[in-house]
file run.cif (mmCIF, N, CA and C atoms)
data_coords
#
loop_
_atom_site.label_atom_id
_atom_site.label_comp_id
_atom_site.auth_asym_id
_atom_site.auth_seq_id
_atom_site.Cartn_x
_atom_site.Cartn_y
_atom_site.Cartn_z
N MET A 187 -10.21 3.05 51.85
CA MET A 187 -10.94 2.74 50.64
C MET A 187 -10.05 1.93 49.70
N LYS A 188 -10.60 0.89 49.10
CA LYS A 188 -9.83 -0.01 48.22
C LYS A 188 -9.71 0.57 46.83
N ARG A 189 -8.54 0.39 46.23
CA ARG A 189 -8.24 0.84 44.87
C ARG A 189 -9.03 -0.01 43.88
N LEU A 190 -9.63 0.63 42.86
CA LEU A 190 -10.39 -0.08 41.85
C LEU A 190 -9.48 -0.90 40.93
N GLN A 191 -8.34 -0.36 40.61
CA GLN A 191 -7.38 -1.01 39.69
C GLN A 191 -6.01 -0.97 40.35
N GLU A 192 -5.40 -2.14 40.55
CA GLU A 192 -4.10 -2.22 41.23
C GLU A 192 -2.93 -1.88 40.30
N HIS A 193 -3.04 -2.29 39.01
CA HIS A 193 -1.93 -2.15 38.07
C HIS A 193 -2.40 -1.44 36.80
N CYS A 194 -1.47 -0.76 36.15
CA CYS A 194 -1.73 -0.05 34.90
C CYS A 194 -2.26 -1.05 33.85
N LEU A 195 -3.34 -0.68 33.17
CA LEU A 195 -3.93 -1.56 32.16
C LEU A 195 -3.01 -1.78 30.96
N ASN A 196 -2.04 -0.90 30.75
CA ASN A 196 -1.16 -1.04 29.60
C ASN A 196 0.15 -1.75 29.95
N CYS A 197 0.88 -1.22 30.91
CA CYS A 197 2.22 -1.76 31.19
C CYS A 197 2.28 -2.66 32.42
N GLY A 198 1.26 -2.63 33.26
CA GLY A 198 1.23 -3.49 34.43
C GLY A 198 1.92 -2.95 35.66
N LYS A 199 2.46 -1.73 35.61
CA LYS A 199 3.13 -1.14 36.78
C LYS A 199 2.12 -0.91 37.90
N GLN A 200 2.62 -0.94 39.12
CA GLN A 200 1.81 -0.63 40.30
C GLN A 200 1.34 0.82 40.21
N LEU A 201 0.05 1.04 40.44
CA LEU A 201 -0.51 2.39 40.36
C LEU A 201 -0.39 3.12 41.69
N LYS A 202 -0.13 4.42 41.61
CA LYS A 202 -0.07 5.28 42.78
C LYS A 202 -0.94 6.49 42.51
N GLY A 203 -1.54 7.04 43.54
CA GLY A 203 -2.35 8.23 43.37
C GLY A 203 -3.83 7.94 43.58
N ARG A 204 -4.67 8.55 42.76
CA ARG A 204 -6.13 8.43 42.90
C ARG A 204 -6.57 6.97 42.88
N ILE A 205 -7.65 6.67 43.60
CA ILE A 205 -8.11 5.28 43.69
C ILE A 205 -8.79 4.81 42.40
N ASP A 206 -9.24 5.75 41.56
CA ASP A 206 -9.91 5.34 40.32
C ASP A 206 -8.98 5.37 39.11
N LYS A 207 -7.67 5.50 39.36
CA LYS A 207 -6.68 5.59 38.29
C LYS A 207 -6.56 4.23 37.58
N LYS A 208 -6.45 4.25 36.24
CA LYS A 208 -6.34 3.02 35.45
C LYS A 208 -4.99 2.90 34.75
N TYR A 209 -4.31 4.03 34.56
CA TYR A 209 -3.05 4.05 33.82
C TYR A 209 -2.02 4.82 34.63
N CYS A 210 -0.74 4.48 34.44
CA CYS A 210 0.31 5.17 35.21
C CYS A 210 0.62 6.55 34.65
N ASP A 211 0.39 6.77 33.35
CA ASP A 211 0.63 8.10 32.76
C ASP A 211 -0.17 8.23 31.46
N PRO A 212 -0.23 9.44 30.91
CA PRO A 212 -1.01 9.67 29.67
C PRO A 212 -0.51 8.83 28.48
N ARG A 213 0.79 8.57 28.42
CA ARG A 213 1.34 7.76 27.33
C ARG A 213 0.78 6.33 27.38
N CYS A 214 0.71 5.75 28.57
CA CYS A 214 0.16 4.39 28.71
C CYS A 214 -1.33 4.37 28.37
N LYS A 215 -2.05 5.42 28.77
CA LYS A 215 -3.47 5.50 28.45
C LYS A 215 -3.68 5.53 26.94
N SER A 216 -2.91 6.36 26.26
CA SER A 216 -3.01 6.48 24.81
C SER A 216 -2.63 5.18 24.12
N ALA A 217 -1.55 4.56 24.56
CA ALA A 217 -1.09 3.30 23.95
C ALA A 217 -2.14 2.20 24.13
N HIS A 218 -2.75 2.13 25.31
CA HIS A 218 -3.77 1.11 25.57
C HIS A 218 -5.01 1.33 24.72
N GLN A 219 -5.46 2.58 24.62
CA GLN A 219 -6.65 2.88 23.82
C GLN A 219 -6.39 2.60 22.34
N TYR A 220 -5.18 2.89 21.87
CA TYR A 220 -4.81 2.61 20.48
C TYR A 220 -4.84 1.10 20.23
N LYS A 221 -4.28 0.32 21.16
CA LYS A 221 -4.24 -1.13 21.02
C LYS A 221 -5.65 -1.72 20.99
N VAL A 222 -6.52 -1.26 21.88
CA VAL A 222 -7.91 -1.74 21.93
C VAL A 222 -8.63 -1.41 20.63
N GLU A 223 -8.44 -0.20 20.11
CA GLU A 223 -9.09 0.23 18.87
C GLU A 223 -8.61 -0.59 17.68
N ARG A 224 -7.32 -0.93 17.64
CA ARG A 224 -6.77 -1.73 16.54
C ARG A 224 -7.32 -3.15 16.54
N GLU A 225 -7.70 -3.67 17.70
CA GLU A 225 -8.21 -5.03 17.80
C GLU A 225 -9.67 -5.14 17.39
N ARG A 226 -10.38 -4.01 17.35
CA ARG A 226 -11.78 -4.01 16.94
C ARG A 226 -11.90 -4.28 15.44
N PRO A 227 -12.93 -5.00 15.03
CA PRO A 227 -13.12 -5.19 13.58
C PRO A 227 -13.49 -3.86 12.92
N GLU A 228 -12.97 -3.65 11.72
CA GLU A 228 -13.23 -2.40 11.00
C GLU A 228 -14.70 -2.34 10.61
N ARG A 229 -15.32 -1.20 10.87
CA ARG A 229 -16.73 -1.02 10.53
C ARG A 229 -16.88 -0.77 9.04
N PHE A 230 -18.04 -1.13 8.50
CA PHE A 230 -18.31 -0.97 7.07
C PHE A 230 -18.12 0.48 6.65
N TYR A 231 -18.64 1.40 7.46
CA TYR A 231 -18.50 2.83 7.15
C TYR A 231 -17.03 3.19 6.99
N ASN A 232 -16.19 2.72 7.89
CA ASN A 232 -14.76 3.04 7.83
C ASN A 232 -14.12 2.47 6.57
N LYS A 233 -14.50 1.26 6.18
CA LYS A 233 -13.95 0.66 4.96
C LYS A 233 -14.28 1.51 3.74
N VAL A 234 -15.55 1.92 3.64
CA VAL A 234 -15.99 2.73 2.51
C VAL A 234 -15.28 4.08 2.52
N ASP A 235 -15.25 4.73 3.67
CA ASP A 235 -14.62 6.04 3.78
C ASP A 235 -13.14 5.97 3.45
N ASN A 236 -12.45 4.96 3.94
CA ASN A 236 -11.02 4.80 3.66
C ASN A 236 -10.77 4.59 2.17
N GLN A 237 -11.61 3.77 1.52
CA GLN A 237 -11.43 3.52 0.10
C GLN A 237 -11.72 4.77 -0.72
N LEU A 238 -12.75 5.54 -0.34
CA LEU A 238 -13.04 6.79 -1.05
C LEU A 238 -11.87 7.76 -0.93
N ARG A 239 -11.30 7.87 0.26
CA ARG A 239 -10.17 8.77 0.45
C ARG A 239 -8.96 8.33 -0.37
N LEU A 240 -8.72 7.02 -0.40
CA LEU A 240 -7.61 6.49 -1.19
C LEU A 240 -7.85 6.75 -2.68
N ASN A 241 -9.07 6.48 -3.16
CA ASN A 241 -9.40 6.73 -4.57
C ASN A 241 -9.18 8.20 -4.93
N ARG A 242 -9.64 9.10 -4.07
CA ARG A 242 -9.50 10.53 -4.34
C ARG A 242 -8.03 10.92 -4.41
N ARG A 243 -7.24 10.43 -3.47
CA ARG A 243 -5.82 10.75 -3.45
C ARG A 243 -5.14 10.27 -4.74
N ILE A 244 -5.48 9.06 -5.19
CA ILE A 244 -4.88 8.50 -6.40
C ILE A 244 -5.29 9.31 -7.62
N LEU A 245 -6.58 9.62 -7.74
CA LEU A 245 -7.06 10.40 -8.89
C LEU A 245 -6.40 11.78 -8.91
N LYS A 246 -6.28 12.40 -7.76
CA LYS A 246 -5.65 13.72 -7.68
C LYS A 246 -4.19 13.65 -8.10
N GLU A 247 -3.51 12.62 -7.66
CA GLU A 247 -2.09 12.45 -7.97
C GLU A 247 -1.84 12.29 -9.47
N TYR A 248 -2.71 11.56 -10.15
CA TYR A 248 -2.51 11.28 -11.58
C TYR A 248 -3.20 12.30 -12.48
N ASN A 249 -3.88 13.29 -11.92
CA ASN A 249 -4.59 14.28 -12.72
C ASN A 249 -4.21 15.69 -12.27
N LYS A 250 -2.98 16.06 -12.50
CA LYS A 250 -2.49 17.37 -12.07
C LYS A 250 -2.97 18.50 -12.97
N ALA A 251 -3.20 18.21 -14.26
CA ALA A 251 -3.52 19.26 -15.23
C ALA A 251 -5.02 19.48 -15.41
N GLY A 252 -5.86 18.67 -14.81
CA GLY A 252 -7.31 18.82 -14.99
C GLY A 252 -7.89 17.77 -15.91
N LYS A 253 -7.07 17.20 -16.79
CA LYS A 253 -7.49 16.10 -17.65
C LYS A 253 -6.27 15.24 -17.96
N ALA A 254 -6.46 13.91 -17.89
CA ALA A 254 -5.35 12.99 -18.15
C ALA A 254 -5.92 11.64 -18.58
N VAL A 255 -5.08 10.84 -19.22
CA VAL A 255 -5.44 9.47 -19.59
C VAL A 255 -4.37 8.56 -18.97
N VAL A 256 -4.83 7.57 -18.20
CA VAL A 256 -3.92 6.68 -17.47
C VAL A 256 -4.40 5.25 -17.64
N ARG A 257 -3.46 4.33 -17.76
CA ARG A 257 -3.82 2.91 -17.82
C ARG A 257 -4.48 2.48 -16.51
N GLN A 258 -5.52 1.66 -16.64
CA GLN A 258 -6.23 1.19 -15.45
C GLN A 258 -5.30 0.41 -14.52
N SER A 259 -4.41 -0.39 -15.10
CA SER A 259 -3.53 -1.22 -14.29
C SER A 259 -2.64 -0.40 -13.36
N ILE A 260 -2.27 0.81 -13.79
CA ILE A 260 -1.42 1.67 -12.95
C ILE A 260 -2.20 2.12 -11.71
N LEU A 261 -3.45 2.55 -11.92
CA LEU A 261 -4.26 3.00 -10.78
C LEU A 261 -4.59 1.83 -9.86
N MET A 262 -4.91 0.67 -10.45
CA MET A 262 -5.25 -0.51 -9.64
C MET A 262 -4.06 -0.94 -8.77
N ALA A 263 -2.85 -0.83 -9.31
CA ALA A 263 -1.65 -1.19 -8.55
C ALA A 263 -1.47 -0.29 -7.34
N GLU A 264 -2.00 0.92 -7.41
CA GLU A 264 -1.91 1.87 -6.30
C GLU A 264 -3.00 1.61 -5.24
N GLY A 265 -3.98 0.75 -5.57
CA GLY A 265 -5.06 0.46 -4.63
C GLY A 265 -6.40 1.06 -5.03
N PHE A 266 -6.47 1.66 -6.21
CA PHE A 266 -7.72 2.27 -6.70
C PHE A 266 -8.78 1.19 -6.90
N ASP A 267 -10.02 1.48 -6.47
CA ASP A 267 -11.15 0.57 -6.66
C ASP A 267 -12.29 1.36 -7.30
N PRO A 268 -12.60 1.09 -8.60
CA PRO A 268 -13.62 1.87 -9.31
C PRO A 268 -15.04 1.65 -8.80
N ASN A 269 -15.24 0.70 -7.91
CA ASN A 269 -16.57 0.44 -7.36
C ASN A 269 -16.95 1.45 -6.26
N PHE A 270 -15.99 2.26 -5.85
CA PHE A 270 -16.24 3.24 -4.80
C PHE A 270 -16.16 4.64 -5.39
N PHE A 271 -17.31 5.30 -5.49
CA PHE A 271 -17.38 6.66 -6.02
C PHE A 271 -18.53 7.38 -5.34
N THR A 272 -18.55 8.70 -5.44
CA THR A 272 -19.55 9.50 -4.72
C THR A 272 -20.74 9.91 -5.58
N HIS A 273 -20.51 10.14 -6.87
CA HIS A 273 -21.59 10.55 -7.77
C HIS A 273 -21.14 10.36 -9.21
N TYR A 274 -22.02 10.67 -10.15
CA TYR A 274 -21.66 10.53 -11.55
C TYR A 274 -22.15 11.73 -12.34
N TRP A 275 -21.62 11.88 -13.56
CA TRP A 275 -22.02 12.94 -14.47
C TRP A 275 -22.04 12.36 -15.88
N LYS A 276 -23.10 12.64 -16.60
CA LYS A 276 -23.25 12.16 -17.97
C LYS A 276 -23.08 13.33 -18.92
N ASN A 277 -22.14 13.23 -19.87
CA ASN A 277 -21.91 14.33 -20.80
C ASN A 277 -22.88 14.24 -21.98
N GLN A 278 -22.80 15.19 -22.91
CA GLN A 278 -23.73 15.25 -24.04
C GLN A 278 -23.59 14.06 -24.98
N LYS A 279 -22.42 13.43 -25.00
CA LYS A 279 -22.20 12.25 -25.84
C LYS A 279 -22.76 10.97 -25.21
N GLY A 280 -23.18 11.09 -23.95
CA GLY A 280 -23.72 9.93 -23.25
C GLY A 280 -22.70 9.18 -22.41
N ASN A 281 -21.46 9.67 -22.36
CA ASN A 281 -20.43 9.04 -21.53
C ASN A 281 -20.71 9.35 -20.06
N VAL A 282 -20.61 8.34 -19.22
CA VAL A 282 -20.86 8.51 -17.79
C VAL A 282 -19.53 8.50 -17.04
N TYR A 283 -19.20 9.65 -16.46
CA TYR A 283 -18.01 9.78 -15.63
C TYR A 283 -18.41 9.52 -14.19
N LEU A 284 -17.66 8.67 -13.52
CA LEU A 284 -17.86 8.43 -12.09
C LEU A 284 -16.91 9.35 -11.34
N PHE A 285 -17.39 9.94 -10.27
CA PHE A 285 -16.61 10.91 -9.51
C PHE A 285 -16.36 10.44 -8.08
N VAL A 286 -15.18 10.76 -7.61
CA VAL A 286 -14.83 10.63 -6.20
C VAL A 286 -14.60 12.07 -5.74
N TYR A 287 -15.65 12.64 -5.18
CA TYR A 287 -15.69 14.05 -4.82
C TYR A 287 -15.46 14.87 -6.09
N GLU A 288 -14.37 15.63 -6.20
CA GLU A 288 -14.21 16.50 -7.38
C GLU A 288 -13.39 15.87 -8.50
N TYR A 289 -12.93 14.63 -8.35
CA TYR A 289 -12.12 13.98 -9.37
C TYR A 289 -12.92 12.85 -10.02
N GLY A 290 -13.01 12.90 -11.36
CA GLY A 290 -13.80 11.92 -12.09
C GLY A 290 -12.96 11.03 -12.97
N PHE A 291 -13.56 9.90 -13.36
CA PHE A 291 -12.88 8.96 -14.25
C PHE A 291 -13.90 8.28 -15.15
N LEU A 292 -13.46 7.96 -16.36
CA LEU A 292 -14.27 7.28 -17.36
C LEU A 292 -13.46 6.11 -17.88
N SER A 293 -14.04 4.92 -17.82
CA SER A 293 -13.36 3.73 -18.32
C SER A 293 -13.42 3.74 -19.85
N LYS A 294 -12.28 3.43 -20.49
CA LYS A 294 -12.19 3.52 -21.94
C LYS A 294 -11.18 2.49 -22.44
N LYS A 295 -11.43 1.94 -23.62
CA LYS A 295 -10.47 1.03 -24.22
C LYS A 295 -9.79 1.79 -25.37
N GLU A 296 -8.45 1.83 -25.35
CA GLU A 296 -7.70 2.57 -26.34
C GLU A 296 -6.51 1.73 -26.79
N ASN A 297 -6.45 1.43 -28.08
CA ASN A 297 -5.38 0.59 -28.65
C ASN A 297 -5.27 -0.75 -27.92
N GLY A 298 -6.41 -1.32 -27.56
CA GLY A 298 -6.42 -2.62 -26.87
C GLY A 298 -6.09 -2.55 -25.40
N ASN A 299 -5.86 -1.37 -24.86
CA ASN A 299 -5.53 -1.21 -23.44
C ASN A 299 -6.69 -0.58 -22.69
N ASP A 300 -6.96 -1.09 -21.50
CA ASP A 300 -7.98 -0.48 -20.64
C ASP A 300 -7.38 0.74 -19.98
N LYS A 301 -8.05 1.88 -20.15
CA LYS A 301 -7.55 3.13 -19.60
C LYS A 301 -8.67 3.88 -18.89
N TYR A 302 -8.28 4.87 -18.12
CA TYR A 302 -9.21 5.80 -17.50
C TYR A 302 -8.91 7.20 -18.02
N VAL A 303 -9.97 7.90 -18.40
CA VAL A 303 -9.86 9.32 -18.71
C VAL A 303 -10.19 10.02 -17.39
N LEU A 304 -9.25 10.81 -16.91
CA LEU A 304 -9.42 11.50 -15.63
C LEU A 304 -9.75 12.96 -15.87
N ILE A 305 -10.73 13.47 -15.15
CA ILE A 305 -11.11 14.88 -15.26
C ILE A 305 -11.35 15.43 -13.87
N LYS A 306 -11.44 16.74 -13.80
CA LYS A 306 -11.77 17.41 -12.55
C LYS A 306 -13.14 18.08 -12.72
N TRP A 307 -13.94 18.09 -11.67
CA TRP A 307 -15.28 18.67 -11.71
C TRP A 307 -15.21 20.15 -12.10
N GLN A 308 -16.12 20.54 -13.01
CA GLN A 308 -16.21 21.93 -13.48
C GLN A 308 -17.58 22.48 -13.15
N ASP A 309 -17.71 23.78 -13.04
CA ASP A 309 -18.99 24.40 -12.67
C ASP A 309 -20.11 24.06 -13.65
N TYR A 310 -19.81 23.97 -14.95
CA TYR A 310 -20.87 23.69 -15.93
C TYR A 310 -21.48 22.30 -15.76
N MET A 311 -20.82 21.42 -15.05
CA MET A 311 -21.33 20.06 -14.86
C MET A 311 -22.50 20.04 -13.89
N SER A 312 -22.68 21.07 -13.10
CA SER A 312 -23.77 21.14 -12.13
C SER A 312 -25.11 21.40 -12.78
N LYS A 313 -25.11 21.88 -14.02
CA LYS A 313 -26.34 22.26 -14.69
C LYS A 313 -26.97 21.11 -15.41
#
call {"tool": "encode", "arguments": {"input": "run.cif", "output": "C-alpha cells"}}
result
Amino acid sequence: MKRLQEHCLNCGKQLKGRIDKKYCDPRCKSAHQYKVERERPERFYNKVDNQLRLNRRILKEYNKAGKAVVRQSILMAEGFDPNFFTHYWKNQKGNVYLFVYEYGFLSKKENGNDKYVLIKWQDYMSK
C-alpha cells in the first residue's frame, strides 16, 4: 500500500510508521497547525473579542479602587478603544457610562484635558 504523505508537512523529514501519517512527531504537528492558523486572516469576531479583552484589562489596571480619573491619552497609548464596549448605564444626572463587562468609563473634559472617569459595576446599577 502506498503512503499518502512521503514527508512531514512541517519539517520535510521522511515519514516512518503509519501510511496516513502527516507529521514526524507531535511538536511538528503543533508547529504546522500554529503556522497555518497565523496565516489565516483574522475574523471580525476575533478582532472585536480581542479589543474587548484588551479594553477590560486596561480599565481594570487603571481602576484598582473602584473609581478613578485618568487622562484619555494614557489609556489610548495602552491600546484602549472607546468604540468597543459591552453595555451602558445612565445615572440620575443623565451621564452615560459605557461598560466593558464590569468596568465602566465616562468621557469628561476637566481643566481643558480629556479624561475618563472609571468605575466598577455595582448591584444598584441593575435596577
call {"tool": "closest_residue", "arguments": {"input": "run.cif", "among": "A:Arg257, A:Arg239, A:Gln278, A:Ser312", "to": "Asn299 (chain A)", "atoms": "only C-alpha atoms"}}
result
A:Arg257
call {"tool": "atom_distance", "arguments": {"input": "run.cif", "atom1": "CA of Tyr274 (chain A)", "atom2": "CA of Leu240 (chain A)"}}
result
17.9 Å
call {"tool": "closest_residue", "arguments": {"input": "run.cif", "among": "A:Asn249, A:Tyr287, A:Tyr302, A:Asn241", "to": "Gly265 (chain A)", "atoms": "all atoms listed in the file"}}
result
A:Asn241
call {"tool": "resolve_selection", "arguments": {"input": "run.cif", "expression": "the PyMOL selection byres (((chain A and resi 270 and name CA) around 10) and name CA)", "output": "list in words"}}
result
Val234, Asp235, Gln237, Leu238, Arg239, Leu240, Asn241, Arg242, Phe266, Asp267, Pro268, Asn269, Phe271, Thr272, His273, Leu284, Phe285 and Val286 of chain A
call {"tool": "select_by_dssp", "arguments": {"input": "run.cif", "residues": "chain A", "states": "strand (DSSP E or B)", "output": "PyMOL selection string"}}
result
chain A and resi 193+200+253-257+273-276+282-286+289-296+299-306
call {"tool": "residues_around", "arguments": {"input": "run.cif", "residues": "His218 (chain A)", "least_positions_apart": "6", "cutoff": "8 Å", "atoms": "all atoms listed in the file", "output": "PyMOL selection string"}}
result
chain A and resi 195-197+212+224
call {"tool": "atom_distance", "arguments": {"input": "run.cif", "atom1": "CA of Tyr231 (chain A)", "atom2": "atom N of Val303 (chain A)"}}
result
27.4 Å
call {"tool": "atom_distance", "arguments": {"input": "run.cif", "atom1": "CA of Val256 (chain A)", "atom2": "CA of Lys301 (chain A)"}}
result
5.5 Å
call {"tool": "resolve_selection", "arguments": {"input": "run.cif", "expression": "the PyMOL selection byres ((chain A and resi 253) around 5)", "output": "CSV table (one decimal) with N, CA and C atoms, in the coordinates of the input"}}
result
chain,number,residue,atom,x,y,z
A,251,ALA,N,-3.2,18.2,-14.3
A,251,ALA,CA,-3.5,19.3,-15.2
A,251,ALA,C,-5.0,19.5,-15.4
A,252,GLY,N,-5.9,18.7,-14.8
A,252,GLY,CA,-7.3,18.8,-15.0
A,252,GLY,C,-7.9,17.8,-15.9
A,254,ALA,N,-6.5,13.9,-17.9
A,254,ALA,CA,-5.4,13.0,-18.2
A,254,ALA,C,-5.9,11.6,-18.6
A,255,VAL,N,-5.1,10.8,-19.2
A,255,VAL,CA,-5.4,9.5,-19.6
A,255,VAL,C,-4.4,8.6,-19.0
A,304,LEU,N,-9.2,10.8,-16.9
A,304,LEU,CA,-9.4,11.5,-15.6
A,304,LEU,C,-9.8,13.0,-15.9
A,305,ILE,N,-10.7,13.5,-15.2
A,305,ILE,CA,-11.1,14.9,-15.3
A,305,ILE,C,-11.4,15.4,-13.9
call {"tool": "residues_around", "arguments": {"input": "run.cif", "residues": "Leu190 (chain A)", "least_positions_apart": "4", "cutoff": "8 Å", "atoms": "all atoms listed in the file", "output": "PyMOL selection string"}}
result
chain A and resi 204-208
